[in-house]
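Trainee: My questions will all concern the structure given below.
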Amino acid sequence: MVIEYRGRLQEIRRDLDAHRDAIDQRYTEVLGYERARKVYEASERLLTPESFLGDIDELRQATGSDFPHDTANKLGAGVHADFVIDEHGYIKGNPTVHTAPFFYISEAGFEASSYRHTNRPLASYVHEYNHFIFYLLQEPPLYLMDFFAVDGITPGKTFHLDIFMKEMEGRNLSPSDVANIMKRYAVFGMMKDSHERATEILDRQILGSIGIDIPLEWRGKNRIYMIMRSPLGNIVFPMGGDPFASSTDEEVVENMIGWVESLDFRSSDPYFTNLLGSLKGVRIRRHAVNHLEELEKRLERRNKRGN
Ligand SMILES: [Zn+2]
């Protein structure tokens with residue numbers, strides 16, 4: 001068994017029960033037997049009923065964030081780390097990251113998801129589960145990039161020049177500081193975009209086995225970029241097209257699993273060379289959500305004792 005769902009949505013449970021064999025078989029073909037087994041063992045250990053938030057209030061409560069009602073289904077991750085990444089991209093502190101995955105999967109979340117046209121909530125769950133598979137197999141998970149970002153960059157957000165300029169106001173930055181932050185935004189944006197699209201490619205491979213077609217209109221199309229002039233030279237933002245035009249679907253999945261080594265997020269900014277080097281030294285400890293909560297309490301108590 002590769003795919004597991006322990007949430008409350010009956011439609012997903014029914015659809016999965018009817019098609020689990022076909023899906024599992026496809027996962028084993030795409031990932032190979034060893035990885036498929038690793039995913040199965042990890043999901044047994046990490047996914048409990050508490051890992052599945054079934055409505056928006058549960059998501060808000062769990063994260064302490066005010067998510068809107070039309071939030072799409074998602075994979076989230078709790079993270080506990082005692083380090084910071086300095087302005088040069090180096091880790092300062094203990095390089096261990098404790099993390100726990102959780103899903104927000106609901107009817108409303110499906111309606112807001114990009115796969116609502118399939119009329120199969122399972123399609124949207126498989127997409128989030130594929131994010132989970134990358135999160136399991138990648139060292140470190142690209143998903144955790146948000147937490148590795150430096151002050152002034154929020155990689156999860158789409159880049160909007162006006163919002164960005166507003167956020168930079170009053171920070172007393174030189175034009176080249178601003179340009180540098182923008183360049184990092186662009187590279188983080190590229191990472192996010194590649195991760196999302198590789199996940200969609202995996203979706204197509206898996207969902208094809210149960211008759212759900214994921215068209216991927218962008219596949220094979222030329223890249224579209226927005227180019228901005230800056231004091232540090234041109235900054236390039238990907239706006240569309242295929243980041244993997246010269247790779248097969250199989251290669252995309254393989255390269256995404258080994259992303260630190262195999263994906264080229266080239267940048268003239270040494271920050272990224274340093275950051276990717278630092279990430280190779282990070283130790284990832286994955287937990288079930290309830291274990292992470294207990295662990296955090298223990299760590300807090302220890303910190304309070306001044307250890
Ligand atoms: Zn996604």
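Just so we're on the same page: first chain in the structure tokens is A, next is B, and so on; residues restart at 1 for each chain, and ligands are numbered from 1 in the order they show up.
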Produce as a list in words the set of residues near ligand 1, where near means within 10 Å with only C-alpha atoms and all ligand atoms considered.
Mentor: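 Based on only C-alpha atoms and all ligand atoms, ligand 1 is surrounded within 10 Å by Ala72, Asn73, Lys74, Leu75, Ser113, Ser114, Ser124, His127, Glu128, Tyr129, Asn130, His131, Lys192, Asp193, His195, Glu196, Arg197, Ala198, Thr199, Glu200 and Asp203 of chain A.
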Trainee: Go ahead and save the residues from that selection, with N, CA and C atoms, as an mmCIF file, in the first residue's frame.
Mentor:
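Output file out_19.cif follows:
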data_model
loop_
_atom_site.group_PDB
_atom_site.id
_atom_site.type_symbol
_atom_site.label_atom_id
_atom_site.label_comp_id
_atom_site.auth_asym_id
_atom_site.auth_seq_id
_atom_site.Cartn_x
_atom_site.Cartn_y
_atom_site.Cartn_z
ATOM 1 N N ALA A 72 -7.516 26.564 -0.732
ATOM 2 C CA ALA A 72 -7.506 25.277 -1.438
ATOM 3 C C ALA A 72 -6.895 24.191 -0.551
ATOM 4 N N ASN A 73 -7.263 22.951 -0.813
ATOM 5 C CA ASN A 73 -6.640 21.808 -0.140
ATOM 6 C C ASN A 73 -5.131 21.982 -0.156
ATOM 7 N N LYS A 74 -4.483 21.559 0.930
ATOM 8 C CA LYS A 74 -3.025 21.712 0.922
ATOM 9 C C LYS A 74 -2.335 20.737 1.862
ATOM 10 N N LEU A 75 -1.049 20.555 1.578
ATOM 11 C CA LEU A 75 -0.148 19.905 2.520
ATOM 12 C C LEU A 75 0.532 21.020 3.303
ATOM 13 N N SER A 113 -9.672 24.192 -5.207
ATOM 14 C CA SER A 113 -8.430 23.621 -5.739
ATOM 15 C C SER A 113 -8.420 23.656 -7.256
ATOM 16 N N SER A 114 -7.227 23.504 -7.826
ATOM 17 C CA SER A 114 -7.118 23.608 -9.279
ATOM 18 C C SER A 114 -7.648 22.337 -9.967
ATOM 19 N N SER A 124 -7.537 15.887 -6.186
ATOM 20 C CA SER A 124 -6.917 16.947 -5.403
ATOM 21 C C SER A 124 -6.106 16.357 -4.244
ATOM 22 N N HIS A 127 -2.826 15.048 -5.525
ATOM 23 C CA HIS A 127 -1.884 16.159 -5.729
ATOM 24 C C HIS A 127 -1.172 16.506 -4.413
ATOM 25 N N GLU A 128 -1.933 16.656 -3.347
ATOM 26 C CA GLU A 128 -1.314 16.996 -2.055
ATOM 27 C C GLU A 128 -0.462 15.832 -1.550
ATOM 28 N N TYR A 129 -0.917 14.613 -1.809
ATOM 29 C CA TYR A 129 -0.151 13.440 -1.395
ATOM 30 C C TYR A 129 1.176 13.373 -2.164
ATOM 31 N N ASN A 130 1.166 13.826 -3.414
ATOM 32 C CA ASN A 130 2.409 13.844 -4.184
ATOM 33 C C ASN A 130 3.382 14.885 -3.619
ATOM 34 N N HIS A 131 2.854 16.014 -3.130
ATOM 35 C CA HIS A 131 3.725 16.941 -2.397
ATOM 36 C C HIS A 131 4.333 16.229 -1.180
ATOM 37 N N LYS A 192 9.937 27.308 -6.246
ATOM 38 C CA LYS A 192 8.528 27.021 -5.964
ATOM 39 C C LYS A 192 7.812 26.542 -7.213
ATOM 40 N N ASP A 193 8.048 27.282 -8.292
ATOM 41 C CA ASP A 193 7.381 27.002 -9.553
ATOM 42 C C ASP A 193 7.782 25.608 -10.058
ATOM 43 N N HIS A 195 8.841 23.104 -8.292
ATOM 44 C CA HIS A 195 8.296 22.110 -7.380
ATOM 45 C C HIS A 195 6.825 21.843 -7.695
ATOM 46 N N GLU A 196 6.069 22.912 -7.920
ATOM 47 C CA GLU A 196 4.647 22.780 -8.212
ATOM 48 C C GLU A 196 4.440 22.017 -9.519
ATOM 49 N N ARG A 197 5.216 22.378 -10.514
ATOM 50 C CA ARG A 197 5.016 21.749 -11.826
ATOM 51 C C ARG A 197 5.476 20.293 -11.843
ATOM 52 N N ALA A 198 6.556 19.998 -11.133
ATOM 53 C CA ALA A 198 6.993 18.593 -11.049
ATOM 54 C C ALA A 198 5.915 17.766 -10.362
ATOM 55 N N THR A 199 5.251 18.353 -9.371
ATOM 56 C CA THR A 199 4.177 17.642 -8.668
ATOM 57 C C THR A 199 3.019 17.378 -9.623
ATOM 58 N N GLU A 200 2.714 18.349 -10.471
ATOM 59 C CA GLU A 200 1.639 18.147 -11.457
ATOM 60 C C GLU A 200 2.005 17.035 -12.452
ATOM 61 N N ASP A 203 1.339 13.938 -10.705
ATOM 62 C CA ASP A 203 -0.123 13.764 -10.673
ATOM 63 C C ASP A 203 -0.603 13.084 -11.950
#
Trainee: Using only C-alpha atoms, what table do you get, as JSON lines, when you list each residue of segment 205-296 of chain A with an atom no more than 9 Å from segment 86-92 of chain A, its nearest pair of atoms, and their distance in Å rounded to one decimal, rows by chain then rising number?
Mentor:
{"residue": "A:Pro270", "atom": "CA", "partner": "A:His88", "partner_atom": "CA", "distance": 7.5}
{"residue": "A:Tyr271", "atom": "CA", "partner": "A:Gly89", "partner_atom": "CA", "distance": 4.8}
{"residue": "A:Phe272", "atom": "CA", "partner": "A:Gly89", "partner_atom": "CA", "distance": 6.6}
{"residue": "A:Thr273", "atom": "CA", "partner": "A:Gly89", "partner_atom": "CA", "distance": 7.9}
{"residue": "A:Asn274", "atom": "CA", "partner": "A:Gly89", "partner_atom": "CA", "distance": 5.1}
{"residue": "A:Leu275", "atom": "CA", "partner": "A:Gly89", "partner_atom": "CA", "distance": 4.3}
{"residue": "A:Leu276", "atom": "CA", "partner": "A:Gly89", "partner_atom": "CA", "distance": 8.1}
{"residue": "A:Gly277", "atom": "CA", "partner": "A:Tyr90", "partner_atom": "CA", "distance": 8.4}
{"residue": "A:Ser278", "atom": "CA", "partner": "A:Tyr90", "partner_atom": "CA", "distance": 5.9}
{"residue": "A:Leu279", "atom": "CA", "partner": "A:Ile91", "partner_atom": "CA", "distance": 8.2}
{"residue": "A:Val282", "atom": "CA", "partner": "A:Ile91", "partner_atom": "CA", "distance": 8.8}
Trainee: Applying 12 Å and only C-alpha atoms, which residues near Ser43 of chain A remain after dropping the ones on its own chain fewer than 2 positions away? List them as a ChimeraX atom specification.
Mentor: /A:1-6,36-41,45-49,51,100-102,129,132-133,135-137,286-288
Trainee: Output the selection as a compact mmCIF listing (two decimals), in the first residue's frame - N, CA and C atoms for each residue.
Mentor:
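This went into out_4.txt:
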# COMPACT_ATOMS: atom_id res chain seq x y z
N MET A 1 0.85 -1.20 0.00
CA MET A 1 0.00 0.00 0.00
C MET A 1 0.88 1.25 0.00
N VAL A 2 0.64 2.15 -0.92
CA VAL A 2 1.46 3.37 -0.98
C VAL A 2 0.67 4.56 -0.50
N ILE A 3 -0.54 4.73 -1.03
CA ILE A 3 -1.31 5.92 -0.67
C ILE A 3 -2.23 5.62 0.51
N GLU A 4 -2.27 6.55 1.43
CA GLU A 4 -3.08 6.37 2.63
C GLU A 4 -3.89 7.65 2.85
N TYR A 5 -5.11 7.50 3.32
CA TYR A 5 -5.92 8.67 3.66
C TYR A 5 -6.65 8.37 4.96
N ARG A 6 -6.43 9.15 5.98
CA ARG A 6 -7.08 8.88 7.27
C ARG A 6 -7.99 10.03 7.68
N ALA A 36 8.63 3.19 -3.09
CA ALA A 36 7.21 3.00 -2.79
C ALA A 36 7.06 2.43 -1.38
N ARG A 37 7.94 1.50 -1.03
CA ARG A 37 7.88 0.92 0.31
C ARG A 37 8.23 1.96 1.37
N LYS A 38 9.20 2.79 1.05
CA LYS A 38 9.60 3.86 1.99
C LYS A 38 8.42 4.81 2.25
N VAL A 39 7.71 5.15 1.17
CA VAL A 39 6.56 6.04 1.31
C VAL A 39 5.49 5.37 2.18
N TYR A 40 5.27 4.08 1.93
CA TYR A 40 4.27 3.36 2.72
C TYR A 40 4.64 3.36 4.20
N GLU A 41 5.89 3.01 4.50
CA GLU A 41 6.31 2.93 5.91
C GLU A 41 6.22 4.30 6.57
N ARG A 45 3.75 5.67 9.73
CA ARG A 45 4.32 6.26 10.94
C ARG A 45 3.86 7.71 11.14
N LEU A 46 3.74 8.45 10.05
CA LEU A 46 3.55 9.91 10.17
C LEU A 46 2.10 10.35 10.08
N LEU A 47 1.26 9.57 9.41
CA LEU A 47 -0.11 10.04 9.17
C LEU A 47 -1.09 9.37 10.13
N THR A 48 -1.62 10.15 11.04
CA THR A 48 -2.64 9.69 11.98
C THR A 48 -3.91 10.48 11.66
N PRO A 49 -5.06 10.11 12.24
CA PRO A 49 -6.26 10.91 11.97
C PRO A 49 -6.05 12.40 12.29
N SER A 51 -3.54 14.09 11.57
CA SER A 51 -2.78 14.72 10.49
C SER A 51 -3.71 15.30 9.43
N ALA A 100 6.69 18.00 10.99
CA ALA A 100 5.55 17.09 10.94
C ALA A 100 4.60 17.54 9.84
N PRO A 101 4.23 16.61 8.95
CA PRO A 101 3.32 16.98 7.86
C PRO A 101 1.86 16.92 8.32
N PHE A 102 1.02 17.74 7.71
CA PHE A 102 -0.42 17.62 7.92
C PHE A 102 -1.14 18.04 6.65
N TYR A 129 -0.92 14.61 -1.81
CA TYR A 129 -0.15 13.44 -1.39
C TYR A 129 1.18 13.37 -2.16
N PHE A 132 3.50 15.44 -0.51
CA PHE A 132 3.95 14.69 0.66
C PHE A 132 5.05 13.69 0.28
N ILE A 133 4.89 13.04 -0.87
CA ILE A 133 5.91 12.08 -1.33
C ILE A 133 7.25 12.78 -1.55
N TYR A 135 8.16 15.54 -0.13
CA TYR A 135 8.57 15.94 1.22
C TYR A 135 9.26 14.78 1.95
N LEU A 136 8.81 13.55 1.70
CA LEU A 136 9.41 12.37 2.32
C LEU A 136 10.75 11.99 1.69
N LEU A 137 10.80 12.08 0.37
CA LEU A 137 11.97 11.53 -0.33
C LEU A 137 13.09 12.54 -0.52
N ARG A 286 11.51 13.64 10.77
CA ARG A 286 10.08 13.76 10.47
C ARG A 286 9.26 13.07 11.56
N HIS A 287 8.20 13.71 12.01
CA HIS A 287 7.37 13.20 13.09
C HIS A 287 5.90 13.22 12.69
N ALA A 288 5.08 12.48 13.47
CA ALA A 288 3.63 12.66 13.37
C ALA A 288 3.28 13.96 14.10
Trainee: Leaving out Gly93 of chain A and any residue of its chain fewer than 4 positions from it, which residues lie within 8 Å of it when counting only C-alpha atoms, given as a list in words?
Mentor: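 That gives Asp82, Phe83 and Val84 of chain A.
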Trainee: Any idea what the distance is between atom CA of Phe237 of chain A and atom CA of Met182 of chain A?
Mentor: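 So the answer is 9.6 Å.
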Trainee: Counting only C-alpha atoms, what is within 8 Å of segment 243-254 of chain A, bar same-chain residues fewer than 5 positions away, as a PyMOL selection string?
Mentor: chain A and resi 30+194+198-199+201-202+219-223
Trainee: Mind writing the picked residues with N, CA and C atoms as a tab-separated table (two decimals), in the first residue's frame?
Mentor:
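Result saved to out-v9.tsv:
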chain	number	residue	atom	x	y	z
A	30	VAL	N	6.24	4.05	-10.96
A	30	VAL	CA	6.87	5.36	-11.15
A	30	VAL	C	8.03	5.57	-10.17
A	194	SER	N	9.07	25.28	-9.99
A	194	SER	CA	9.54	23.97	-10.44
A	194	SER	C	8.92	22.87	-9.60
A	198	ALA	N	6.56	20.00	-11.13
A	198	ALA	CA	6.99	18.59	-11.05
A	198	ALA	C	5.91	17.77	-10.36
A	199	THR	N	5.25	18.35	-9.37
A	199	THR	CA	4.18	17.64	-8.67
A	199	THR	C	3.02	17.38	-9.62
A	201	ILE	N	3.29	16.96	-12.79
A	201	ILE	CA	3.72	15.88	-13.70
A	201	ILE	C	3.54	14.52	-13.03
A	202	LEU	N	3.88	14.43	-11.75
A	202	LEU	CA	3.65	13.18	-11.01
A	202	LEU	C	2.15	12.90	-10.91
A	219	ARG	N	3.11	22.06	-20.65
A	219	ARG	CA	4.21	21.12	-20.89
A	219	ARG	C	4.76	21.28	-22.29
A	220	GLY	N	6.08	21.46	-22.40
A	220	GLY	CA	6.73	21.60	-23.70
A	220	GLY	C	6.70	23.01	-24.27
A	221	LYS	N	6.00	23.92	-23.59
A	221	LYS	CA	5.92	25.30	-24.10
A	221	LYS	C	7.17	26.08	-23.70
A	222	ASN	N	7.49	27.07	-24.53
A	222	ASN	CA	8.63	27.93	-24.20
A	222	ASN	C	8.40	28.67	-22.90
A	223	ARG	N	9.48	28.88	-22.17
A	223	ARG	CA	9.42	29.67	-20.95
A	223	ARG	C	9.09	31.13	-21.25
Trainee: Fewer than 3 positions away in the same chain doesn't count, so skip those; otherwise give me all residues within 12 Å of Asp57 of chain A, counting only C-alpha atoms, as a short mmCIF file (atom, residue, chain, number, x, y, z; two decimals) with C-alpha atoms, in the first residue's frame.
Mentor:
data_model
loop_
_atom_site.label_atom_id
_atom_site.label_comp_id
_atom_site.auth_asym_id
_atom_site.auth_seq_id
_atom_site.Cartn_x
_atom_site.Cartn_y
_atom_site.Cartn_z
CA LEU A 53 -7.60 18.82 9.18
CA GLY A 54 -11.10 18.58 7.79
CA ARG A 60 -6.83 28.08 11.56
CA GLN A 61 -6.55 26.64 15.03
CA ALA A 62 -3.65 24.34 14.15
CA THR A 63 -1.63 27.04 12.42
CA GLY A 64 -2.72 30.18 14.27
CA SER A 65 -3.22 31.83 10.87
CA ASP A 66 -6.40 33.36 9.55
CA PHE A 67 -6.84 31.32 6.37
CA PRO A 68 -9.76 32.50 4.17
CA HIS A 69 -12.77 30.22 3.55
CA THR A 71 -8.35 28.16 0.89
CA TYR A 104 -6.00 20.36 4.99
CA SER A 106 -12.21 19.46 2.85
CA ALA A 108 -14.59 23.65 0.37
#
Trainee: Per DSSP on the backbone, filter segment 55-272 of chain A down to the residues in strand (DSSP E) and report them as JSON, numbers by chain.
Mentor: {"A": [74, 75, 76, 77, 78, 79, 80, 81, 82, 83, 84, 85, 91, 92, 93, 94, 95, 96, 97, 98, 99, 100, 101, 102, 103, 104, 224, 225, 226, 227, 228, 235, 236, 237, 238, 239, 240]}
Trainee: Fewer than 2 positions away in the same chain doesn't count, so skip those; otherwise give me all residues within 8 Å of Arg283 of chain A, counting only C-alpha atoms, as a list in words.
Mentor: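 My list of contacting residues is Pro95, Thr96, Val97, Pro140, Gly281 and Arg285 of chain A.
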Trainee: Using C-alpha atoms, can you write the selected residues to a file as an mmCIF file, in the first residue's frame?
Mentor:
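Written output follows (again.cif):
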data_model
loop_
_atom_site.group_PDB
_atom_site.id
_atom_site.type_symbol
_atom_site.label_atom_id
_atom_site.label_comp_id
_atom_site.auth_asym_id
_atom_site.auth_seq_id
_atom_site.Cartn_x
_atom_site.Cartn_y
_atom_site.Cartn_z
ATOM 1 C CA PRO A 95 21.261 22.173 11.987
ATOM 2 C CA THR A 96 18.498 19.752 13.044
ATOM 3 C CA VAL A 97 14.980 20.361 11.770
ATOM 4 C CA PRO A 140 15.945 18.306 2.687
ATOM 5 C CA GLY A 281 24.262 19.572 6.223
ATOM 6 C CA ARG A 285 13.622 14.463 11.626
#
Trainee: Measuring atom to atom with only C-alpha atoms, identify which of A:Gly76, A:His19, A:Asn119, A:Arg26 is nearest to Thr99 of chain A.
Mentor: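 Selected residue with least distance to Thr99 of chain A: A:Gly76.
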Trainee: Would you list, as a ChimeraX atom specification, the residues of segment 60-112 of chain A that end up in alpha helix (DSSP H) under DSSP run on this structure's backbone?
Mentor: /A:60-63,107-111
Trainee: Generate the output file for the selected residues, C-alpha atoms, as a compact mmCIF listing (two decimals), in the first residue's frame.
Mentor:
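Contents of the output file again_2.txt:
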# COMPACT_ATOMS: atom_id res chain seq x y z
CA ARG A 60 -6.83 28.08 11.56
CA GLN A 61 -6.55 26.64 15.03
CA ALA A 62 -3.65 24.34 14.15
CA THR A 63 -1.63 27.04 12.42
CA GLU A 107 -15.11 19.87 0.44
CA ALA A 108 -14.59 23.65 0.37
CA GLY A 109 -10.86 23.08 -0.11
CA PHE A 110 -11.60 20.89 -3.12
CA GLU A 111 -13.90 23.55 -4.62
Trainee: What is the distance between atom CA of Asn180 of chain A and atom CA of Tyr225 of chain A, in Å to one decimal?
Mentor: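 Result for atom CA of Asn180 of chain A versus atom CA of Tyr225 of chain A: 18.3 Å, one decimal.
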Trainee: Report, in Å to a single decimal, how far apart atom CA of His98 of chain A and atom CA of Ala81 of chain A are.
Mentor: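 Separating atom CA of Ala81 of chain A from atom CA of His98 of chain A is a distance of 6.4 Å.
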Trainee: Pick out the closest residue to Phe52 of chain A from this set: A:Val289, A:Leu122, A:Leu299, A:Ile23. Count only C-alpha atoms.
Mentor: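 Ranking A:Val289, A:Leu122, A:Leu299, A:Ile23 by distance to Phe52 of chain A, first place goes to A:Val289.
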Trainee: Let me make sure I understand: among A:Leu263, A:Met228, A:Leu59, A:Leu31, which one has the smallest atom-to-atom distance to Gly78 of chain A if we use only C-alpha atoms?
Mentor: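 Between A:Leu263, A:Met228, A:Leu59, A:Leu31, the residue approaching Gly78 of chain A most closely is A:Leu59.
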Trainee: Name the closest residue to Pro141 of chain A among the candidates A:Arg35, A:Arg116, A:Arg302, A:Lys280; distances are taken between atoms, counting only C-alpha atoms.
Mentor: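 Closest residue, counting only C-alpha atoms: A:Lys280.
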Trainee: Have a look at A:Asn255, A:Asn290, A:Gln205, A:Ser174 and name the one nearest to Glu29 of chain A; count only C-alpha atoms.
Mentor: A:Gln205
